[in-house]
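Here is the structure we will look at, set down as C-alpha coordinates.
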Amino acid sequence: MTEDDDWEQRSATGKPMVPATPRDVVHILVGAFMLIFLFAFAFLGIVAGAWVMTGIAVILGVVVGVDIALAVRRQKERGTGEAG
(Lines give C-alpha, C1' and ligand atoms only; values in the text may rest on other atoms or scores of the structure.)
Protein backbone atom coordinates (compact mmCIF):
# COMPACT_ATOMS: atom_id res chain seq x y z
CA MET A 1 0.00 0.00 0.00
CA THR A 2 1.36 3.41 -0.93
CA GLU A 3 0.73 6.74 0.72
CA ASP A 4 -1.84 7.59 -1.98
CA ASP A 5 -4.02 4.67 -0.86
CA ASP A 6 -4.26 5.86 2.76
CA TRP A 7 -7.47 7.82 2.16
CA GLU A 8 -9.43 4.64 1.49
CA GLN A 9 -10.32 2.62 4.56
CA ARG A 10 -10.47 -1.14 4.41
CA SER A 11 -12.53 -3.57 6.45
CA ALA A 12 -11.08 -6.44 8.47
CA THR A 13 -11.52 -8.70 5.42
CA GLY A 14 -9.65 -6.24 3.18
CA LYS A 15 -12.66 -4.91 1.26
CA PRO A 16 -12.72 -1.16 0.56
CA MET A 17 -15.20 0.77 2.71
CA VAL A 18 -16.84 3.75 1.04
CA PRO A 19 -18.76 6.27 3.13
CA ALA A 20 -22.36 6.34 1.91
CA THR A 21 -25.83 6.76 3.23
CA PRO A 22 -28.42 4.05 2.67
CA ARG A 23 -30.48 6.59 0.73
CA ASP A 24 -27.68 7.10 -1.80
CA VAL A 25 -27.20 3.36 -2.18
CA VAL A 26 -30.93 2.88 -2.81
CA HIS A 27 -30.98 5.71 -5.36
CA ILE A 28 -28.10 4.11 -7.26
CA LEU A 29 -29.41 0.53 -7.17
CA VAL A 30 -33.07 1.28 -7.90
CA GLY A 31 -32.07 3.81 -10.53
CA ALA A 32 -29.91 1.27 -12.33
CA PHE A 33 -32.79 -1.22 -12.22
CA MET A 34 -35.15 1.41 -13.66
CA LEU A 35 -32.70 2.29 -16.44
CA ILE A 36 -32.80 -1.30 -17.69
CA PHE A 37 -36.59 -1.19 -18.05
CA LEU A 38 -36.59 2.30 -19.54
CA PHE A 39 -34.06 1.18 -22.14
CA ALA A 40 -36.30 -1.78 -22.98
CA PHE A 41 -39.38 0.47 -23.29
CA ALA A 42 -37.49 2.90 -25.49
CA PHE A 43 -36.30 0.06 -27.74
CA LEU A 44 -39.80 -1.40 -27.97
CA GLY A 45 -41.18 2.05 -28.73
CA ILE A 46 -38.74 2.48 -31.60
CA VAL A 47 -39.50 -0.99 -33.00
CA ALA A 48 -43.29 -0.47 -32.68
CA GLY A 49 -43.18 3.09 -33.94
CA ALA A 50 -44.68 4.39 -30.69
CA TRP A 51 -42.74 7.63 -30.59
CA VAL A 52 -44.61 9.02 -27.57
CA MET A 53 -43.66 5.96 -25.50
CA THR A 54 -40.07 6.26 -26.73
CA GLY A 55 -39.94 9.95 -25.83
CA ILE A 56 -41.33 9.36 -22.36
CA ALA A 57 -38.86 6.52 -21.75
CA VAL A 58 -35.94 8.67 -22.91
CA ILE A 59 -37.00 11.62 -20.75
CA LEU A 60 -37.44 9.39 -17.70
CA GLY A 61 -34.08 7.76 -18.45
CA VAL A 62 -32.38 11.15 -18.40
CA VAL A 63 -34.10 12.04 -15.11
CA VAL A 64 -33.03 8.73 -13.55
CA GLY A 65 -29.48 9.17 -14.88
CA VAL A 66 -29.26 12.63 -13.30
CA ASP A 67 -30.58 11.22 -10.01
CA ILE A 68 -27.92 8.49 -10.05
CA ALA A 69 -25.21 11.03 -10.85
CA LEU A 70 -26.32 13.24 -7.95
CA ALA A 71 -26.38 10.27 -5.58
CA VAL A 72 -22.85 9.29 -6.60
CA ARG A 73 -21.73 12.89 -6.19
CA ARG A 74 -23.24 13.10 -2.69
CA GLN A 75 -21.55 9.82 -1.84
CA LYS A 76 -18.13 11.05 -2.97
CA GLU A 77 -18.48 14.39 -1.17
CA ARG A 78 -19.07 12.76 2.21
CA GLY A 79 -15.82 12.67 4.11
CA THR A 80 -17.31 10.76 6.99
CA GLY A 81 -20.45 8.78 7.58
CA GLU A 82 -21.92 5.33 7.56
CA ALA A 83 -20.29 2.62 5.51
CA GLY A 84 -22.76 1.61 2.82
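Please note that chains go A, B, ... in the order of the C-alpha coordinates, that every chain numbers its residues from 1, and that ligands are numbered from 1 in the order shown.
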Where does DSSP see alpha helix (DSSP H) in segment 43-84 of chain A, if you list the residues as a ChimeraX atom specification? /A:43-48,51-77
Hey, can you spit out that residue selection with N, CA and C atoms as an mmCIF file, in the first residue's frame?
```
data_model
loop_
_atom_site.group_PDB
_atom_site.id
_atom_site.type_symbol
_atom_site.label_atom_id
_atom_site.label_comp_id
_atom_site.auth_asym_id
_atom_site.auth_seq_id
_atom_site.Cartn_x
_atom_site.Cartn_y
_atom_site.Cartn_z
ATOM 1 N N PHE A 43 -36.571 0.936 -26.588
ATOM 2 C CA PHE A 43 -36.297 0.063 -27.736
ATOM 3 C C PHE A 43 -37.597 -0.457 -28.340
ATOM 4 N N LEU A 44 -38.509 -0.922 -27.471
ATOM 5 C CA LEU A 44 -39.800 -1.403 -27.975
ATOM 6 C C LEU A 44 -40.594 -0.291 -28.645
ATOM 7 N N GLY A 45 -40.492 0.913 -28.112
ATOM 8 C CA GLY A 45 -41.175 2.046 -28.726
ATOM 9 C C GLY A 45 -40.645 2.351 -30.113
ATOM 10 N N ILE A 46 -39.339 2.246 -30.282
ATOM 11 C CA ILE A 46 -38.738 2.477 -31.601
ATOM 12 C C ILE A 46 -39.178 1.388 -32.574
ATOM 13 N N VAL A 47 -39.128 0.132 -32.131
ATOM 14 C CA VAL A 47 -39.504 -0.988 -32.995
ATOM 15 C C VAL A 47 -40.980 -0.892 -33.385
ATOM 16 N N ALA A 48 -41.851 -0.530 -32.427
ATOM 17 C CA ALA A 48 -43.293 -0.474 -32.681
ATOM 18 C C ALA A 48 -43.720 0.841 -33.325
ATOM 19 N N TRP A 51 -43.724 6.608 -30.879
ATOM 20 C CA TRP A 51 -42.744 7.634 -30.588
ATOM 21 C C TRP A 51 -43.013 8.341 -29.261
ATOM 22 N N VAL A 52 -44.292 8.394 -28.859
ATOM 23 C CA VAL A 52 -44.609 9.015 -27.571
ATOM 24 C C VAL A 52 -44.026 8.178 -26.432
ATOM 25 N N MET A 53 -44.211 6.853 -26.519
ATOM 26 C CA MET A 53 -43.659 5.963 -25.498
ATOM 27 C C MET A 53 -42.129 6.051 -25.478
ATOM 28 N N THR A 54 -41.529 6.131 -26.649
ATOM 29 C CA THR A 54 -40.072 6.256 -26.733
ATOM 30 C C THR A 54 -39.612 7.564 -26.095
ATOM 31 N N GLY A 55 -40.308 8.646 -26.389
ATOM 32 C CA GLY A 55 -39.943 9.947 -25.831
ATOM 33 C C GLY A 55 -40.065 9.973 -24.316
ATOM 34 N N ILE A 56 -41.151 9.402 -23.806
ATOM 35 C CA ILE A 56 -41.334 9.359 -22.356
ATOM 36 C C ILE A 56 -40.240 8.523 -21.705
ATOM 37 N N ALA A 57 -39.905 7.380 -22.305
ATOM 38 C CA ALA A 57 -38.859 6.517 -21.748
ATOM 39 C C ALA A 57 -37.506 7.225 -21.762
ATOM 40 N N VAL A 58 -37.222 7.956 -22.819
ATOM 41 C CA VAL A 58 -35.942 8.665 -22.906
ATOM 42 C C VAL A 58 -35.882 9.784 -21.868
ATOM 43 N N ILE A 59 -36.975 10.535 -21.730
ATOM 44 C CA ILE A 59 -36.998 11.621 -20.749
ATOM 45 C C ILE A 59 -36.838 11.068 -19.337
ATOM 46 N N LEU A 60 -37.574 10.002 -19.017
ATOM 47 C CA LEU A 60 -37.441 9.388 -17.696
ATOM 48 C C LEU A 60 -36.041 8.815 -17.484
ATOM 49 N N GLY A 61 -35.446 8.278 -18.543
ATOM 50 C CA GLY A 61 -34.082 7.762 -18.447
ATOM 51 C C GLY A 61 -33.082 8.854 -18.109
ATOM 52 N N VAL A 62 -33.265 10.022 -18.701
ATOM 53 C CA VAL A 62 -32.380 11.152 -18.400
ATOM 54 C C VAL A 62 -32.566 11.584 -16.950
ATOM 55 N N VAL A 63 -33.821 11.646 -16.499
ATOM 56 C CA VAL A 63 -34.095 12.039 -15.113
ATOM 57 C C VAL A 63 -33.461 11.045 -14.138
ATOM 58 N N VAL A 64 -33.611 9.752 -14.421
ATOM 59 C CA VAL A 64 -33.026 8.725 -13.549
ATOM 60 C C VAL A 64 -31.501 8.796 -13.594
ATOM 61 N N GLY A 65 -30.937 9.038 -14.761
ATOM 62 C CA GLY A 65 -29.484 9.169 -14.877
ATOM 63 C C GLY A 65 -28.949 10.340 -14.075
ATOM 64 N N VAL A 66 -29.665 11.473 -14.100
ATOM 65 C CA VAL A 66 -29.255 12.632 -13.302
ATOM 66 C C VAL A 66 -29.356 12.309 -11.813
ATOM 67 N N ASP A 67 -30.423 11.598 -11.417
ATOM 68 C CA ASP A 67 -30.584 11.223 -10.010
ATOM 69 C C ASP A 67 -29.436 10.317 -9.554
ATOM 70 N N ILE A 68 -29.045 9.371 -10.388
ATOM 71 C CA ILE A 68 -27.925 8.490 -10.046
ATOM 72 C C ILE A 68 -26.629 9.303 -9.937
ATOM 73 N N ALA A 69 -26.425 10.208 -10.877
ATOM 74 C CA ALA A 69 -25.212 11.032 -10.848
ATOM 75 C C ALA A 69 -25.158 11.885 -9.582
ATOM 76 N N LEU A 70 -26.295 12.443 -9.177
ATOM 77 C CA LEU A 70 -26.321 13.244 -7.951
ATOM 78 C C LEU A 70 -26.076 12.380 -6.716
ATOM 79 N N ALA A 71 -26.607 11.164 -6.715
ATOM 80 C CA ALA A 71 -26.378 10.267 -5.577
ATOM 81 C C ALA A 71 -24.902 9.881 -5.479
ATOM 82 N N VAL A 72 -24.273 9.620 -6.608
ATOM 83 C CA VAL A 72 -22.848 9.285 -6.603
ATOM 84 C C VAL A 72 -22.035 10.488 -6.150
ATOM 85 N N ARG A 73 -22.437 11.664 -6.593
ATOM 86 C CA ARG A 73 -21.731 12.886 -6.194
ATOM 87 C C ARG A 73 -21.851 13.123 -4.689
ATOM 88 N N ARG A 74 -23.064 12.945 -4.136
ATOM 89 C CA ARG A 74 -23.243 13.097 -2.692
ATOM 90 C C ARG A 74 -22.398 12.082 -1.938
ATOM 91 N N GLN A 75 -22.316 10.875 -2.485
ATOM 92 C CA GLN A 75 -21.552 9.816 -1.841
ATOM 93 C C GLN A 75 -20.071 10.164 -1.818
ATOM 94 N N LYS A 76 -19.554 10.704 -2.898
ATOM 95 C CA LYS A 76 -18.130 11.049 -2.971
ATOM 96 C C LYS A 76 -17.790 12.253 -2.103
ATOM 97 N N GLU A 77 -18.739 13.178 -1.936
ATOM 98 C CA GLU A 77 -18.479 14.395 -1.168
ATOM 99 C C GLU A 77 -18.429 14.133 0.323
#
```
Can you list every residue in segment 1-72 of chain A that DSSP puts in strand (DSSP E), as a PyMOL selection string? chain A and resi 9-10+16-17
What does the structure give for the distance between atom CA of Asp24 of chain A and atom CA of Ile36 of chain A, in Å to one decimal? 18.7 Å
